[in-house]
Structure formats: structure tokens, C-alpha cells
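Engineer: I have a structure I would like to understand better, so I am pasting it below and will then ask my questions one at a time.
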Amino acid sequence: MNKPKDEPGLQTILSHCGRDLEASGGYVNVPPYEGSTIIHDDMDDLFGRVDNHLYGDGTARTYGTDGGPTHEAFYEAMNKLEGGVGTWAFSTGLAGCTIPMMAFLKTGDHMLVTDSVYGPTRQFCEVLLKNFGVEAEFYGPTIGAGIEGLIRPNTRLIYMESPGTHTFEMQDVPAIAAVARRHGVVTMIDTYATPINFQPLKHGVDVVVHSATKYICGHSDVLMSTVTCNEKTWKQVRAVCKMTGQYASAQSVYLGLRGLHTLKVRLDAVGAHTRKVVDWLLKREEVKKVIWPAYEKDPGYPIYKRDFAGPIGLFAFQFQDYFTDVQINRFMDSLKLFGLGYSWGGFESLILRSYGKRTVGDPKIMRTMIRVYIGLEDPQDMINDLDQAMTKMRGA
Ligand SMILES: *Cc1c(COP(=O)(O)O)cnc(C)c1O
């Protein structure tokens, strides 16, 4: 995208974002302000802030749950990066995916959810929302503008995830957002992209969720999400956060802001390492398929190339069909440098055998896939680890 000449570049924005020398007393970083009580000046101030809360724009700080200077610095940075008007941080990624839905749904409503959605978000829709009389219908992630055919008079929300969890389908986000706008339907997206690679609000989406646990915090030491909204949705989402007591600790938010400063260099490194590992896997006869939208032959590549500014270090591959379950588990158990564990986005490489539900796509697809996250280690070491584990697998 062309930017005006005097506007700083992305890396400069990331380096300086969230800086508030007044709040920090001149220190580069705003420290983690944690607390419950905020002392008010006098009764005018106390009631004035209450009025702002109940009847105003809700920006006044009255109590610790509103978040303090650290939160505000982080929110301002996220708003700038995403092009949003309001951001809230939640104590886990999952809370950021689920709680905002309550701002848009009530009994009798219908929502459309991508079949490639993060498993626990699916469960929230299938169990909890169902209990409250909301019908969640799952759609094929690559439906694009065809989603128009699924919209009903009572459809209130379209939920996207791109790339899809474990299966990495790229969604045509601008096309879906355009259809939703024509029908007055709100759109939400959960994405791995980070604002460095893709800014969904600029493509017509109303609410963007990041599991900040992953790339934004980036060191496997925090659980948190961010939800950034446009003008149309912010007040509703903010109200639900308030009513349900959503809060992320100042320490988490502090680490989120710290993570933003180095996000692009970490993503660039992880992307380059991932390409090396993917190139190696593609040449292996044991491997049937690699699924990574940044790979030129991936079905998601055209959309990835159109919408995303850079790669992500998360992908999946499948072994040839003749390998048995026992052999694949032998491979997994033989890895020495890859950690066997959930999550991703940190400095360390991780691996998992996928599982989970699909009701529109192939219901068995998940169990055939191995999900890999490549971290910051020397990629040749990770390749050597995969190589020795494949040798053990063949011998099993
Ligand atoms: C990990 C993840 C979440 C949940 O984040 P947590 O902080 O682990 O609760 C939600 N969506 C996606 C796409 C994720 O990868």
C-alpha cells in the first residue's frame, strides 16, 4: 500500500507505539500499573466519571477494571495498527473470541461460523449459544461471496477465521465483509495474521480478534487476546466487556505492548525459517502434502498473496497414507528439538497431531495432519531433527 511521504514506516511505528512519557515519568516503557481503587479528586469528579460510564462514551477511568495507563498505551497502539476506534484486552484468546459475540446475538438469532474455526470457539457456539437459543450454522471456509446464499432474515453475525485452525484455508475476507454489509450483518474475524500482515478492519470487517498469547506477546509466557472494533461496533463490545467483567492484567498488557515493538522482526525471522523447513519437507518422499498458504502451490496462495503482507510460521503436513498410526507416533516421540505441545507464536518450535471437528468439510481430515510451528532456532537444526525422527519412523 502506498503511504504519504511524511508518514513513518511500519517498523518506526512499531518501535514508538504506545509511548507515553507523561504516564511513564520519562521512561521509554509505560510500567505495569495494576490496581483496584483509583482515588478521585472530589465528589464532582466521582459523580462526573460515573455519569461518563453510565451515559457517556465510557472512556473515564473510575476503577481498576477499566484498565490504567498501561492498558491505554497498549490499546492506542493496537487501534493505530489495526485502524480501529477501540481495543479491549481479555485474559485469554478464547475469551476474546467468545465474549464479543454476546454484543450482537440474542435468543432467536442465527449466526454463520466458518467450519475451520478454532475448536473451543466452535464448542461455545454449539453448546453455550445453543442453550441461549442462538443457532450457529457452519459454512465452508472458502465460500467467499457465496455466503450470501446462507444469510437469513435473522442472521446477525458472520464469524470468520483466516487462515483456518489446523487446516489453514484462506478466506476471501473482503468478499464476505462486503456481502455482510449489504445485509446489515456484523462480521468478526479471528486471525493469526497480526496487524503486520493483514488489517481486517481496513477490508470491511467490524471486529478483529487476536490471540495475543501467540505472536503479539511472543514468548510463551502470557495468555491474552485483543479485540479491536470499528466505530459501528465498539460501544456494544465495550459495554459487554464491562457487564461481564473482562480484564487482562497490567502485566499481560505490558508484555503485549513490549511484544509489538519486536513483532515484525520476529515474524520475518519465523517466516524465513518456515520457508526453509517447508522446502525441505516438500522434497521428502515420506510427505504427501504440505499445507501453508505462503507456499506458491497452496490453494490459499492467491488470497494470501493478495491480502497478506508476509508469512506466518504455522503450517501442517500429511505423511503418505502407507504410514501407520504407530509409525507416525514414533516420529512424533522421536523429535528432540520440537516441543510436543499446544499454542504457537513463541521463540520455540512446536509440533502436534491435529484433531477436532469438521461438519462441512472432510470430517476425518484433522487426524491425518501434523501441525508444525517453526520458531527462532537455526532452521537447519530443526530440519535435522525432522530427518532423524523420519528415519526412526521408517524403522518402526
Ligand atoms: C490459540 C488460539 C486461540 C485461543 O487463544 P488462548 O490464549 O490459547 O485461549 C484462539 N484462536 C486461535 C486461532 C488460536 O490459535
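Order determines the names: the first chain of the C-alpha cells is A, the second B, and so forth; residues in each chain are numbered 1 upward, and ligands are numbered 1 upward as they are shown.
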Would you mind listing the residues within 10 Å of ligand 1, counting only C-alpha atoms and all ligand atoms, as number ranges by chain?
Structural biologist: A: 90-98, 116-121, 161-166, 189-193, 209-215, 222-226, 314, 342-345
Engineer: Among stretch 178-267 of chain A, which ones does DSSP place in strand (DSSP E or B), written as a CSV table (one decimal) with C-alpha atoms, in the first residue's frame?
Structural biologist:
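Now in result_37.csv:
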chain,number,residue,atom,x,y,z
A,186,VAL,CA,-21.9,-7.8,11.7
A,187,THR,CA,-18.6,-9.5,10.9
A,188,MET,CA,-15.9,-10.8,13.3
A,189,ILE,CA,-12.6,-12.4,12.5
A,190,ASP,CA,-10.1,-14.4,14.5
A,207,VAL,CA,-14.3,-6.7,14.8
A,208,VAL,CA,-10.9,-8.3,14.8
A,209,VAL,CA,-9.6,-10.8,17.4
A,210,HIS,CA,-6.1,-11.8,18.0
A,211,SER,CA,-4.9,-14.5,20.4
A,225,SER,CA,-6.3,-11.6,23.5
A,226,THR,CA,-7.1,-8.3,21.9
A,227,VAL,CA,-10.3,-7.3,20.3
A,228,THR,CA,-10.3,-4.2,18.1
A,229,CYS,CA,-13.5,-2.7,16.8
Engineer: DSSP on the backbone, alpha helix (DSSP H) only: what residues of stretch 214-251 of chain A does that give? Format it as a ChimeraX atom specification.
Structural biologist: /A:231-244,250-251
Engineer: Name all residues at most 9 Å from A:Gly18 (count only C-alpha atoms; drop same-chain ones fewer than 2 positions away) and give them as a PyMOL selection string.
Structural biologist: chain A and resi 14-16+20+29-30+70+72-78+257
Engineer: Deliver the residues from the most recent selection as a file, using all heavy atoms, as a CSV table (one decimal), in the first residue's frame.
Structural biologist:
chain,number,residue,atom,x,y,z
A,14,LEU,N,6.1,0.7,14.9
A,14,LEU,CA,6.1,-0.4,16.0
A,14,LEU,C,7.1,0.0,17.1
A,14,LEU,O,6.9,-0.4,18.2
A,14,LEU,CB,6.5,-1.7,15.3
A,14,LEU,CG,5.5,-2.4,14.4
A,14,LEU,CD1,6.1,-3.5,13.6
A,14,LEU,CD2,4.3,-2.9,15.3
A,15,SER,N,8.2,0.6,16.7
A,15,SER,CA,9.2,0.9,17.7
A,15,SER,C,8.7,1.9,18.7
A,15,SER,O,9.0,1.9,19.9
A,15,SER,CB,10.5,1.5,17.1
A,15,SER,OG,11.2,0.4,16.5
A,16,HIS,N,7.9,2.9,18.2
A,16,HIS,CA,7.5,4.0,19.1
A,16,HIS,C,6.1,3.9,19.6
A,16,HIS,O,5.7,4.7,20.4
A,16,HIS,CB,7.6,5.3,18.3
A,16,HIS,CG,9.0,5.7,18.0
A,16,HIS,ND1,9.4,6.9,17.4
A,16,HIS,CD2,10.2,5.0,18.1
A,16,HIS,CE1,10.7,6.9,17.3
A,16,HIS,NE2,11.2,5.8,17.7
A,20,ASP,N,4.3,6.8,26.1
A,20,ASP,CA,3.6,7.9,26.8
A,20,ASP,C,4.5,8.4,27.9
A,20,ASP,O,4.5,7.9,29.1
A,20,ASP,CB,2.3,7.4,27.4
A,20,ASP,CG,1.4,8.5,28.0
A,20,ASP,OD1,2.0,9.6,28.3
A,20,ASP,OD2,0.2,8.3,28.2
A,29,ASN,N,9.3,2.8,28.5
A,29,ASN,CA,8.1,1.9,28.6
A,29,ASN,C,7.2,2.4,29.7
A,29,ASN,O,7.7,2.8,30.8
A,29,ASN,CB,8.5,0.5,28.9
A,29,ASN,CG,9.3,-0.1,27.8
A,29,ASN,OD1,8.8,-0.3,26.7
A,29,ASN,ND2,10.6,-0.4,28.1
A,30,VAL,N,5.9,2.3,29.4
A,30,VAL,CA,4.9,2.6,30.5
A,30,VAL,C,4.9,1.4,31.4
A,30,VAL,O,4.6,0.3,30.9
A,30,VAL,CB,3.5,2.9,29.9
A,30,VAL,CG1,2.5,3.2,31.0
A,30,VAL,CG2,3.5,4.0,28.9
A,70,THR,N,-1.2,1.7,31.4
A,70,THR,CA,-0.5,0.6,30.6
A,70,THR,C,-1.5,0.1,29.6
A,70,THR,O,-1.2,-0.1,28.4
A,70,THR,CB,0.0,-0.6,31.5
A,70,THR,OG1,0.3,-0.1,32.8
A,70,THR,CG2,1.1,-1.3,30.8
A,72,GLU,N,-4.1,1.7,28.4
A,72,GLU,CA,-4.4,2.7,27.4
A,72,GLU,C,-3.3,2.8,26.4
A,72,GLU,O,-3.6,3.0,25.2
A,72,GLU,CB,-4.7,4.1,28.1
A,72,GLU,CG,-6.1,4.1,28.7
A,72,GLU,CD,-6.4,5.2,29.7
A,72,GLU,OE1,-5.6,6.1,29.7
A,72,GLU,OE2,-7.3,5.0,30.4
A,73,ALA,N,-2.1,2.7,26.8
A,73,ALA,CA,-0.9,2.8,25.9
A,73,ALA,C,-1.0,1.6,24.9
A,73,ALA,O,-0.8,1.8,23.7
A,73,ALA,CB,0.4,2.7,26.6
A,74,PHE,N,-1.3,0.4,25.4
A,74,PHE,CA,-1.5,-0.7,24.5
A,74,PHE,C,-2.6,-0.6,23.6
A,74,PHE,O,-2.5,-0.9,22.4
A,74,PHE,CB,-1.6,-2.0,25.4
A,74,PHE,CG,-1.7,-3.3,24.6
A,74,PHE,CD1,-0.7,-3.7,23.7
A,74,PHE,CD2,-2.7,-4.2,24.9
A,74,PHE,CE1,-0.8,-4.9,23.0
A,74,PHE,CE2,-2.8,-5.4,24.2
A,74,PHE,CZ,-1.8,-5.7,23.2
A,75,TYR,N,-3.8,-0.2,24.1
A,75,TYR,CA,-5.0,0.0,23.2
A,75,TYR,C,-4.7,1.0,22.1
A,75,TYR,O,-5.2,0.8,21.0
A,75,TYR,CB,-6.2,0.4,24.1
A,75,TYR,CG,-6.6,-0.6,25.1
A,75,TYR,CD1,-7.5,-0.3,26.1
A,75,TYR,CD2,-6.2,-1.9,25.1
A,75,TYR,CE1,-7.9,-1.2,27.1
A,75,TYR,CE2,-6.6,-2.9,26.0
A,75,TYR,CZ,-7.5,-2.5,27.0
A,75,TYR,OH,-7.9,-3.4,27.9
A,76,GLU,N,-4.1,2.1,22.5
A,76,GLU,CA,-3.8,3.1,21.5
A,76,GLU,C,-2.9,2.5,20.4
A,76,GLU,O,-3.2,2.8,19.2
A,76,GLU,CB,-3.1,4.3,22.2
A,76,GLU,CG,-3.0,5.5,21.3
A,76,GLU,CD,-2.2,6.6,22.0
A,76,GLU,OE1,-2.5,6.9,23.1
A,76,GLU,OE2,-1.3,7.1,21.3
A,77,ALA,N,-1.9,1.7,20.8
A,77,ALA,CA,-1.0,1.1,19.8
A,77,ALA,C,-1.8,0.2,18.9
A,77,ALA,O,-1.7,0.2,17.6
A,77,ALA,CB,0.1,0.4,20.5
A,78,MET,N,-2.7,-0.7,19.4
A,78,MET,CA,-3.4,-1.6,18.6
A,78,MET,C,-4.4,-0.9,17.7
A,78,MET,O,-4.6,-1.3,16.5
A,78,MET,CB,-4.2,-2.6,19.5
A,78,MET,CG,-3.3,-3.7,20.2
A,78,MET,SD,-2.4,-4.7,19.0
A,78,MET,CE,-3.7,-5.5,18.1
A,257,LEU,N,2.4,-5.0,24.8
A,257,LEU,CA,3.0,-3.8,24.2
A,257,LEU,C,4.5,-4.0,23.9
A,257,LEU,O,5.0,-3.6,22.8
A,257,LEU,CB,2.8,-2.6,25.2
A,257,LEU,CG,3.2,-1.2,24.7
A,257,LEU,CD1,2.6,-0.9,23.3
A,257,LEU,CD2,2.7,-0.1,25.7
Engineer: Using only C-alpha atoms for the distances, tell me which of A:Asp115, A:Asp325, A:Asp51, A:Glu82 is nearest to A:Leu10.
Structural biologist: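 Counting only C-alpha atoms, the residue closest to A:Leu10 is A:Glu82.
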Engineer: For A:Thr244, which of A:Met102, A:Leu46, A:Ile147, A:Ala269 is the closest residue, counting only C-alpha atoms?
Structural biologist: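 Closest to A:Thr244, using only C-alpha atoms: A:Met102.
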